[in-house]
>>> print(open('protein16.pdb').read())   # PDB, N, CA and C atoms
MODEL        1
ATOM      1  N   MET B   1       0.836  -1.183   0.000
ATOM      2  CA  MET B   1       0.000   0.000   0.000
ATOM      3  C   MET B   1       0.880   1.246   0.000
ATOM      4  N   GLU B   2       0.702   2.056  -0.982
ATOM      5  CA  GLU B   2       1.480   3.298  -1.054
ATOM      6  C   GLU B   2       0.761   4.408  -0.308
ATOM      7  N   MET B   3       1.557   5.268   0.305
ATOM      8  CA  MET B   3       1.017   6.438   0.984
ATOM      9  C   MET B   3       2.051   7.542   0.989
ATOM     10  N   THR B   4       1.577   8.741   1.218
ATOM     11  CA  THR B   4       2.477   9.889   1.299
ATOM     12  C   THR B   4       3.001  10.028   2.722
ATOM     13  N   ASN B   5       4.006  10.864   2.875
ATOM     14  CA  ASN B   5       4.523  11.148   4.210
ATOM     15  C   ASN B   5       3.434  11.744   5.096
ATOM     16  N   LEU B   6       2.587  12.581   4.526
ATOM     17  CA  LEU B   6       1.489  13.186   5.280
ATOM     18  C   LEU B   6       0.525  12.106   5.772
ATOM     19  N   GLN B   7       0.134  11.213   4.907
ATOM     20  CA  GLN B   7      -0.778  10.137   5.299
ATOM     21  C   GLN B   7      -0.144   9.253   6.374
ATOM     22  N   ALA B   8       1.131   8.977   6.244
ATOM     23  CA  ALA B   8       1.824   8.128   7.215
ATOM     24  C   ALA B   8       1.890   8.785   8.588
ATOM     25  N   LEU B   9       2.184  10.070   8.621
ATOM     26  CA  LEU B   9       2.251  10.770   9.910
ATOM     27  C   LEU B   9       0.884  10.767  10.580
ATOM     28  N   LYS B  10      -0.153  11.082   9.829
ATOM     29  CA  LYS B  10      -1.495  11.097  10.401
ATOM     30  C   LYS B  10      -1.904   9.703  10.887
ATOM     31  N   ALA B  11      -1.526   8.671  10.156
ATOM     32  CA  ALA B  11      -1.844   7.305  10.571
ATOM     33  C   ALA B  11      -1.094   6.927  11.848
ATOM     34  N   ARG B  12       0.139   7.327  11.940
ATOM     35  CA  ARG B  12       0.941   6.991  13.113
ATOM     36  C   ARG B  12       0.431   7.700  14.357
ATOM     37  N   VAL B  13       0.040   8.955  14.211
ATOM     38  CA  VAL B  13      -0.460   9.727  15.358
ATOM     39  C   VAL B  13      -1.822   9.201  15.798
ATOM     40  N   ASN B  14      -2.674   8.856  14.839
ATOM     41  CA  ASN B  14      -3.985   8.277  15.116
ATOM     42  C   ASN B  14      -4.839   9.152  16.032
ATOM     43  N   TYR B  15      -4.844  10.431  15.759
ATOM     44  CA  TYR B  15      -5.702  11.399  16.444
ATOM     45  C   TYR B  15      -6.147  12.403  15.388
ATOM     46  N   PRO B  16      -7.374  12.890  15.445
ATOM     47  CA  PRO B  16      -7.856  13.791  14.390
ATOM     48  C   PRO B  16      -6.985  15.040  14.225
ATOM     49  N   LEU B  17      -6.352  15.145  13.079
ATOM     50  CA  LEU B  17      -5.532  16.300  12.719
ATOM     51  C   LEU B  17      -5.942  16.737  11.321
ATOM     52  N   THR B  18      -5.878  18.020  11.066
ATOM     53  CA  THR B  18      -6.085  18.471   9.694
ATOM     54  C   THR B  18      -4.817  18.200   8.902
ATOM     55  N   ASP B  19      -4.951  18.171   7.584
ATOM     56  CA  ASP B  19      -3.772  18.006   6.735
ATOM     57  C   ASP B  19      -2.781  19.136   6.983
ATOM     58  N   ILE B  20      -3.290  20.337   7.175
ATOM     59  CA  ILE B  20      -2.409  21.497   7.385
ATOM     60  C   ILE B  20      -1.630  21.356   8.684
ATOM     61  N   GLN B  21      -2.278  20.907   9.737
ATOM     62  CA  GLN B  21      -1.580  20.729  11.017
ATOM     63  C   GLN B  21      -0.452  19.709  10.887
ATOM     64  N   ALA B  22      -0.742  18.586  10.263
ATOM     65  CA  ALA B  22       0.278  17.539  10.112
ATOM     66  C   ALA B  22       1.369  17.970   9.138
ATOM     67  N   ALA B  23       0.988  18.627   8.046
ATOM     68  CA  ALA B  23       1.974  19.073   7.052
ATOM     69  C   ALA B  23       2.952  20.069   7.662
ATOM     70  N   GLU B  24       2.464  20.921   8.537
ATOM     71  CA  GLU B  24       3.337  21.915   9.175
ATOM     72  C   GLU B  24       4.430  21.239   9.992
ATOM     73  N   LYS B  25       4.095  20.161  10.666
ATOM     74  CA  LYS B  25       5.089  19.433  11.463
ATOM     75  C   LYS B  25       6.115  18.752  10.553
ATOM     76  N   LEU B  26       5.665  18.205   9.432
ATOM     77  CA  LEU B  26       6.597  17.596   8.481
ATOM     78  C   LEU B  26       7.512  18.657   7.874
ATOM     79  N   MET B  27       6.937  19.748   7.426
ATOM     80  CA  MET B  27       7.740  20.815   6.817
ATOM     81  C   MET B  27       8.739  21.391   7.810
ATOM     82  N   GLY B  28       8.341  21.452   9.077
ATOM     83  CA  GLY B  28       9.239  21.952  10.109
ATOM     84  C   GLY B  28      10.494  21.122  10.275
ATOM     85  N   ARG B  29      10.420  19.873   9.841
ATOM     86  CA  ARG B  29      11.578  18.968   9.906
ATOM     87  C   ARG B  29      12.153  18.676   8.531
ATOM     88  N   GLY B  30      11.714  19.452   7.522
ATOM     89  CA  GLY B  30      12.292  19.324   6.184
ATOM     90  C   GLY B  30      11.813  18.135   5.382
ATOM     91  N   ILE B  31      10.627  17.646   5.660
ATOM     92  CA  ILE B  31      10.092  16.484   4.962
ATOM     93  C   ILE B  31       9.005  16.938   3.987
ATOM     94  N   ASP B  32       9.083  16.449   2.767
ATOM     95  CA  ASP B  32       8.074  16.744   1.750
ATOM     96  C   ASP B  32       6.821  15.938   2.063
ATOM     97  N   GLU B  33       5.739  16.629   2.373
ATOM     98  CA  GLU B  33       4.497  15.955   2.758
ATOM     99  C   GLU B  33       3.915  15.067   1.667
ATOM    100  N   SER B  34       4.127  15.424   0.413
ATOM    101  CA  SER B  34       3.509  14.691  -0.692
ATOM    102  C   SER B  34       4.391  13.581  -1.268
ATOM    103  N   ALA B  35       5.628  13.475  -0.798
ATOM    104  CA  ALA B  35       6.517  12.414  -1.285
ATOM    105  C   ALA B  35       6.057  11.060  -0.749
ATOM    106  N   ASP B  36       6.447  10.007  -1.464
ATOM    107  CA  ASP B  36       6.091   8.652  -1.045
ATOM    108  C   ASP B  36       6.779   8.303   0.271
ATOM    109  N   PHE B  37       6.021   7.701   1.159
ATOM    110  CA  PHE B  37       6.537   7.228   2.435
ATOM    111  C   PHE B  37       7.154   5.852   2.227
ATOM    112  N   ASP B  38       8.342   5.652   2.808
ATOM    113  CA  ASP B  38       9.009   4.357   2.709
ATOM    114  C   ASP B  38       9.791   4.098   3.987
ATOM    115  N   LYS B  39      10.439   2.957   4.049
ATOM    116  CA  LYS B  39      11.167   2.572   5.265
ATOM    117  C   LYS B  39      12.266   3.570   5.602
ATOM    118  N   GLU B  40      12.944   4.086   4.588
ATOM    119  CA  GLU B  40      14.010   5.057   4.827
ATOM    120  C   GLU B  40      13.460   6.300   5.526
ATOM    121  N   VAL B  41      12.328   6.795   5.051
ATOM    122  CA  VAL B  41      11.695   7.955   5.695
ATOM    123  C   VAL B  41      11.239   7.574   7.099
ATOM    124  N   ALA B  42      10.580   6.426   7.234
ATOM    125  CA  ALA B  42      10.061   5.983   8.535
ATOM    126  C   ALA B  42      11.150   5.925   9.597
ATOM    127  N   ASP B  43      12.337   5.495   9.191
ATOM    128  CA  ASP B  43      13.452   5.344  10.131
ATOM    129  C   ASP B  43      14.292   6.610  10.290
ATOM    130  N   SER B  44      13.968   7.638   9.534
ATOM    131  CA  SER B  44      14.799   8.850   9.548
ATOM    132  C   SER B  44      14.602   9.686  10.812
ATOM    133  N   LYS B  45      15.658  10.348  11.189
ATOM    134  CA  LYS B  45      15.621  11.273  12.314
ATOM    135  C   LYS B  45      14.548  12.328  12.082
ATOM    136  N   ALA B  46      14.473  12.884  10.895
ATOM    137  CA  ALA B  46      13.520  13.956  10.600
ATOM    138  C   ALA B  46      12.077  13.502  10.792
ATOM    139  N   PHE B  47      11.750  12.307  10.294
ATOM    140  CA  PHE B  47      10.371  11.831  10.438
ATOM    141  C   PHE B  47      10.057  11.515  11.893
ATOM    142  N   GLN B  48      10.978  10.884  12.584
ATOM    143  CA  GLN B  48      10.763  10.574  13.998
ATOM    144  C   GLN B  48      10.525  11.851  14.804
ATOM    145  N   LEU B  49      11.314  12.884  14.513
ATOM    146  CA  LEU B  49      11.134  14.147  15.235
ATOM    147  C   LEU B  49       9.838  14.855  14.827
ATOM    148  N   ALA B  50       9.444  14.740  13.569
ATOM    149  CA  ALA B  50       8.148  15.297  13.148
ATOM    150  C   ALA B  50       7.015  14.591  13.890
ATOM    151  N   TYR B  51       7.156  13.300  14.069
ATOM    152  CA  TYR B  51       6.171  12.531  14.834
ATOM    153  C   TYR B  51       6.120  13.029  16.283
ATOM    154  N   ALA B  52       7.275  13.181  16.917
ATOM    155  CA  ALA B  52       7.317  13.691  18.287
ATOM    156  C   ALA B  52       6.724  15.098  18.360
ATOM    157  N   ASP B  53       7.047  15.940  17.397
ATOM    158  CA  ASP B  53       6.487  17.300  17.369
ATOM    159  C   ASP B  53       4.968  17.265  17.269
ATOM    160  N   THR B  54       4.458  16.328  16.493
ATOM    161  CA  THR B  54       3.011  16.205  16.320
ATOM    162  C   THR B  54       2.362  15.712  17.605
ATOM    163  N   LEU B  55       2.996  14.777  18.294
ATOM    164  CA  LEU B  55       2.471  14.326  19.581
ATOM    165  C   LEU B  55       2.432  15.484  20.579
ATOM    166  N   ARG B  56       3.479  16.277  20.594
ATOM    167  CA  ARG B  56       3.528  17.447  21.469
ATOM    168  C   ARG B  56       2.365  18.381  21.144
ATOM    169  N   PHE B  57       2.126  18.590  19.870
ATOM    170  CA  PHE B  57       1.022  19.439  19.429
ATOM    171  C   PHE B  57      -0.317  18.869  19.883
ATOM    172  N   VAL B  58      -0.497  17.558  19.751
ATOM    173  CA  VAL B  58      -1.754  16.918  20.123
ATOM    174  C   VAL B  58      -2.078  17.145  21.589
ATOM    175  N   ILE B  59      -1.100  17.011  22.471
ATOM    176  CA  ILE B  59      -1.414  17.171  23.891
ATOM    177  C   ILE B  59      -1.654  18.620  24.272
ATOM    178  N   THR B  60      -1.337  19.558  23.395
ATOM    179  CA  THR B  60      -1.663  20.955  23.678
ATOM    180  C   THR B  60      -3.002  21.371  23.085
ATOM    181  N   MET B  61      -3.543  20.613  22.133
ATOM    182  CA  MET B  61      -4.762  21.021  21.436
ATOM    183  C   MET B  61      -5.981  20.192  21.788
ATOM    184  N   VAL B  62      -5.832  19.214  22.633
ATOM    185  CA  VAL B  62      -6.905  18.272  22.907
ATOM    186  C   VAL B  62      -8.164  18.982  23.396
ATOM    187  N   ASN B  63      -9.258  18.711  22.695
ATOM    188  CA  ASN B  63     -10.582  19.112  23.179
ATOM    189  C   ASN B  63     -11.637  18.287  22.468
ATOM    190  N   LEU B  64     -12.798  18.232  23.035
ATOM    191  CA  LEU B  64     -13.843  17.361  22.508
ATOM    192  C   LEU B  64     -14.356  17.793  21.149
ATOM    193  N   SER B  65     -14.232  19.069  20.801
ATOM    194  CA  SER B  65     -14.757  19.520  19.521
ATOM    195  C   SER B  65     -13.980  18.944  18.349
ATOM    196  N   GLN B  66     -12.827  18.377  18.590
ATOM    197  CA  GLN B  66     -12.029  17.816  17.513
ATOM    198  C   GLN B  66     -12.270  16.324  17.348
ATOM    199  N   GLY B  67     -13.317  15.827  17.992
ATOM    200  CA  GLY B  67     -13.708  14.451  17.759
ATOM    201  C   GLY B  67     -12.967  13.430  18.590
ATOM    202  N   GLY B  68     -12.311  13.847  19.618
ATOM    203  CA  GLY B  68     -11.607  12.892  20.447
ATOM    204  C   GLY B  68     -11.319  13.476  21.802
ATOM    205  N   SER B  69     -10.903  12.634  22.694
ATOM    206  CA  SER B  69     -10.495  13.099  24.001
ATOM    207  C   SER B  69      -9.329  12.239  24.454
ATOM    208  N   ILE B  70      -8.550  12.784  25.355
ATOM    209  CA  ILE B  70      -7.385  12.077  25.856
ATOM    210  C   ILE B  70      -7.387  12.215  27.371
ATOM    211  N   THR B  71      -7.254  11.109  28.072
ATOM    212  CA  THR B  71      -7.210  11.135  29.523
ATOM    213  C   THR B  71      -5.823  11.574  29.991
ATOM    214  N   ALA B  72      -5.732  11.909  31.259
ATOM    215  CA  ALA B  72      -4.435  12.290  31.818
ATOM    216  C   ALA B  72      -3.418  11.166  31.657
ATOM    217  N   GLN B  73      -3.881   9.931  31.810
ATOM    218  CA  GLN B  73      -2.981   8.783  31.640
ATOM    219  C   GLN B  73      -2.479   8.707  30.199
ATOM    220  N   ASN B  74      -3.373   8.950  29.243
ATOM    221  CA  ASN B  74      -2.957   8.939  27.848
ATOM    222  C   ASN B  74      -1.984  10.067  27.552
ATOM    223  N   VAL B  75      -2.224  11.238  28.137
ATOM    224  CA  VAL B  75      -1.309  12.369  27.937
ATOM    225  C   VAL B  75       0.084  11.989  28.418
ATOM    226  N   ALA B  76       0.156  11.342  29.562
ATOM    227  CA  ALA B  76       1.457  10.928  30.092
ATOM    228  C   ALA B  76       2.143   9.937  29.146
ATOM    229  N   GLY B  77       1.368   9.009  28.582
ATOM    230  CA  GLY B  77       1.937   8.052  27.643
ATOM    231  C   GLY B  77       2.414   8.713  26.358
ATOM    232  N   ILE B  78       1.609   9.638  25.849
ATOM    233  CA  ILE B  78       1.986  10.372  24.635
ATOM    234  C   ILE B  78       3.235  11.196  24.894
ATOM    235  N   ARG B  79       3.273  11.886  26.033
ATOM    236  CA  ARG B  79       4.451  12.679  26.394
ATOM    237  C   ARG B  79       5.678  11.783  26.496
ATOM    238  N   GLY B  80       5.527  10.593  27.079
ATOM    239  CA  GLY B  80       6.641   9.662  27.210
ATOM    240  C   GLY B  80       7.170   9.198  25.858
ATOM    241  N   THR B  81       6.257   8.921  24.927
ATOM    242  CA  THR B  81       6.666   8.521  23.580
ATOM    243  C   THR B  81       7.440   9.637  22.897
ATOM    244  N   ALA B  82       6.884  10.849  22.958
ATOM    245  CA  ALA B  82       7.566  11.994  22.340
ATOM    246  C   ALA B  82       8.920  12.233  22.997
ATOM    247  N   ASN B  83       8.967  12.181  24.325
ATOM    248  CA  ASN B  83      10.227  12.433  25.022
ATOM    249  C   ASN B  83      11.285  11.381  24.719
ATOM    250  N   ALA B  84      10.879  10.142  24.509
ATOM    251  CA  ALA B  84      11.855   9.100  24.146
ATOM    252  C   ALA B  84      12.511   9.436  22.811
ATOM    253  N   ILE B  85      11.716   9.931  21.874
ATOM    254  CA  ILE B  85      12.276  10.327  20.573
ATOM    255  C   ILE B  85      13.163  11.547  20.731
ATOM    256  N   TYR B  86      12.682  12.558  21.460
ATOM    257  CA  TYR B  86      13.502  13.763  21.671
ATOM    258  C   TYR B  86      14.824  13.409  22.364
ATOM    259  N   LYS B  87      14.770  12.542  23.361
ATOM    260  CA  LYS B  87      15.986  12.145  24.082
ATOM    261  C   LYS B  87      16.963  11.439  23.147
ATOM    262  N   LYS B  88      16.442  10.548  22.305
ATOM    263  CA  LYS B  88      17.286   9.806  21.363
ATOM    264  C   LYS B  88      18.088  10.753  20.478
ATOM    265  N   TYR B  89      17.490  11.881  20.090
ATOM    266  CA  TYR B  89      18.142  12.815  19.183
ATOM    267  C   TYR B  89      18.670  14.075  19.870
ATOM    268  N   GLY B  90      18.710  14.072  21.213
ATOM    269  CA  GLY B  90      19.320  15.169  21.952
ATOM    270  C   GLY B  90      18.538  16.476  21.925
ATOM    271  N   GLU B  91      17.218  16.391  21.805
ATOM    272  CA  GLU B  91      16.383  17.592  21.781
ATOM    273  C   GLU B  91      15.760  17.817  23.155
ATOM    274  N   ASP B  92      15.274  19.030  23.384
ATOM    275  CA  ASP B  92      14.627  19.356  24.654
ATOM    276  C   ASP B  92      13.390  18.498  24.852
ATOM    277  N   LEU B  93      13.224  18.017  26.076
ATOM    278  CA  LEU B  93      12.100  17.161  26.409
ATOM    279  C   LEU B  93      10.876  17.994  26.788
ATOM    280  N   ILE B  94       9.703  17.427  26.585
ATOM    281  CA  ILE B  94       8.470  18.058  27.043
ATOM    282  C   ILE B  94       8.481  18.001  28.560
ATOM    283  N   GLY B  95       8.249  19.132  29.195
ATOM    284  CA  GLY B  95       8.205  19.184  30.640
ATOM    285  C   GLY B  95       9.486  19.668  31.291
ATOM    286  N   GLU B  96      10.506  19.939  30.500
ATOM    287  CA  GLU B  96      11.727  20.492  31.077
ATOM    288  C   GLU B  96      11.471  21.933  31.500
ATOM    289  N   LYS B  97      12.268  22.403  32.419
ATOM    290  CA  LYS B  97      12.109  23.760  32.912
ATOM    291  C   LYS B  97      12.069  24.750  31.742
ATOM    292  N   GLY B  98      11.072  25.610  31.762
ATOM    293  CA  GLY B  98      10.922  26.594  30.708
ATOM    294  C   GLY B  98      10.066  26.122  29.554
ATOM    295  N   ASP B  99       9.682  24.839  29.569
ATOM    296  CA  ASP B  99       8.837  24.304  28.498
ATOM    297  C   ASP B  99       7.460  24.937  28.579
ATOM    298  N   ASP B 100       6.882  25.222  27.438
ATOM    299  CA  ASP B 100       5.585  25.880  27.403
ATOM    300  C   ASP B 100       4.432  24.962  27.793
ATOM    301  N   LEU B 101       4.685  23.704  28.107
ATOM    302  CA  LEU B 101       3.635  22.786  28.511
ATOM    303  C   LEU B 101       3.584  22.574  30.019
ATOM    304  N   SER B 102       4.356  23.333  30.798
ATOM    305  CA  SER B 102       4.406  23.079  32.230
ATOM    306  C   SER B 102       3.045  23.225  32.895
ATOM    307  N   THR B 103       2.237  24.190  32.471
ATOM    308  CA  THR B 103       0.917  24.362  33.058
ATOM    309  C   THR B 103       0.022  23.182  32.727
ATOM    310  N   ILE B 104       0.059  22.742  31.498
ATOM    311  CA  ILE B 104      -0.757  21.600  31.099
ATOM    312  C   ILE B 104      -0.348  20.366  31.887
ATOM    313  N   GLU B 105       0.943  20.158  32.033
ATOM    314  CA  GLU B 105       1.395  18.975  32.758
ATOM    315  C   GLU B 105       0.987  19.048  34.217
ATOM    316  N   ASP B 106       1.067  20.203  34.840
ATOM    317  CA  ASP B 106       0.697  20.334  36.237
ATOM    318  C   ASP B 106      -0.787  20.068  36.450
ATOM    319  N   MET B 107      -1.603  20.289  35.429
ATOM    320  CA  MET B 107      -3.048  20.128  35.566
ATOM    321  C   MET B 107      -3.553  18.837  34.934
ATOM    322  N   SER B 108      -2.692  18.013  34.392
ATOM    323  CA  SER B 108      -3.139  16.856  33.616
ATOM    324  C   SER B 108      -3.943  15.862  34.446
ATOM    325  N   ASP B 109      -3.704  15.774  35.736
ATOM    326  CA  ASP B 109      -4.459  14.816  36.529
ATOM    327  C   ASP B 109      -5.922  15.219  36.714
ATOM    328  N   SER B 110      -6.280  16.425  36.362
ATOM    329  CA  SER B 110      -7.666  16.867  36.505
ATOM    330  C   SER B 110      -8.462  16.674  35.220
ATOM    331  N   TRP B 111      -7.892  16.089  34.176
ATOM    332  CA  TRP B 111      -8.569  15.935  32.903
ATOM    333  C   TRP B 111      -9.435  14.689  32.801
ATOM    334  N   THR B 112      -9.417  13.842  33.817
ATOM    335  CA  THR B 112     -10.193  12.606  33.714
ATOM    336  C   THR B 112     -11.633  12.811  34.083
TER     337      THR B 112
ENDMDL
END
>>> encode(input="protein16.pdb", output="structure tokens")
Amino acid sequence: MEMTNLQALKARVNYPLTDIQAAEKLMGRGIDESADFDKEVADSKAFQLAYADTLRFVITMVNLSQGGSITAQNVAGIRGTANAIYKKYGEDLIGEKGDDLSTIEDMSDSWT
């Protein structure tokens, strides 16, 4: 089954995102959204980081009007997945001092 990088990112995230939202994360890491997705792209640092960036975006935008909801436990799991990728490539982790998600993380236990 052939798919584009955009389709692959949206499938991997598995949360309602617009094409524009997902494309912005790919472009931010230098990936052509319309190019064919393959194993080389899947294993690339750029795609992995675009995936982590998209997960970070998802936990900041979650609301019921977008057709889904995420529990505090799920947020922690998503953050852990993103942070594992960021750590692998030496990038700042979600929740580090000065991170713009500190308020969300402090309140995540009240989302259930």
>>> resolve_selection(input="protein16.pdb", expression="the PyMOL selection byres ((chain B and resi 82) around 6.5)", output="PyMOL selection string")
chain B and resi 51-53+55-56+77-81+83-87+94
>>> axis_aligned_box(input="protein16.pdb", around="region 83-98 of chain B", padding_each_side="6 Å", output="AutoDock Vina command-line options")
--center_x 13.8 --center_y 17.8 --center_z 26.0 --size_x 23.1 --size_y 29.5 --size_z 25.7
>>> atom_distance(input="protein16.pdb", atom1="CA of Asp32 (chain B)", atom2="CA of Val75 (chain B)")
28.2 Å
>>> closest_residue(input="protein16.pdb", among="B:Ala35, B:Met3, B:Ala8, B:Leu26", to="Leu49 (chain B)", atoms="only N, CA and C atoms")
B:Leu26
>>> closest_residue(input="protein16.pdb", among="B:Thr54, B:Ala46, B:Asp38, B:Thr4", to="Pro16 (chain B)", atoms="only C-alpha atoms")
B:Thr54
>>> residues_around(input="protein16.pdb", residues="Leu9 (chain B)", least_positions_apart="4", cutoff="8 Å", atoms="only C-alpha atoms", output="count of residues only")
4
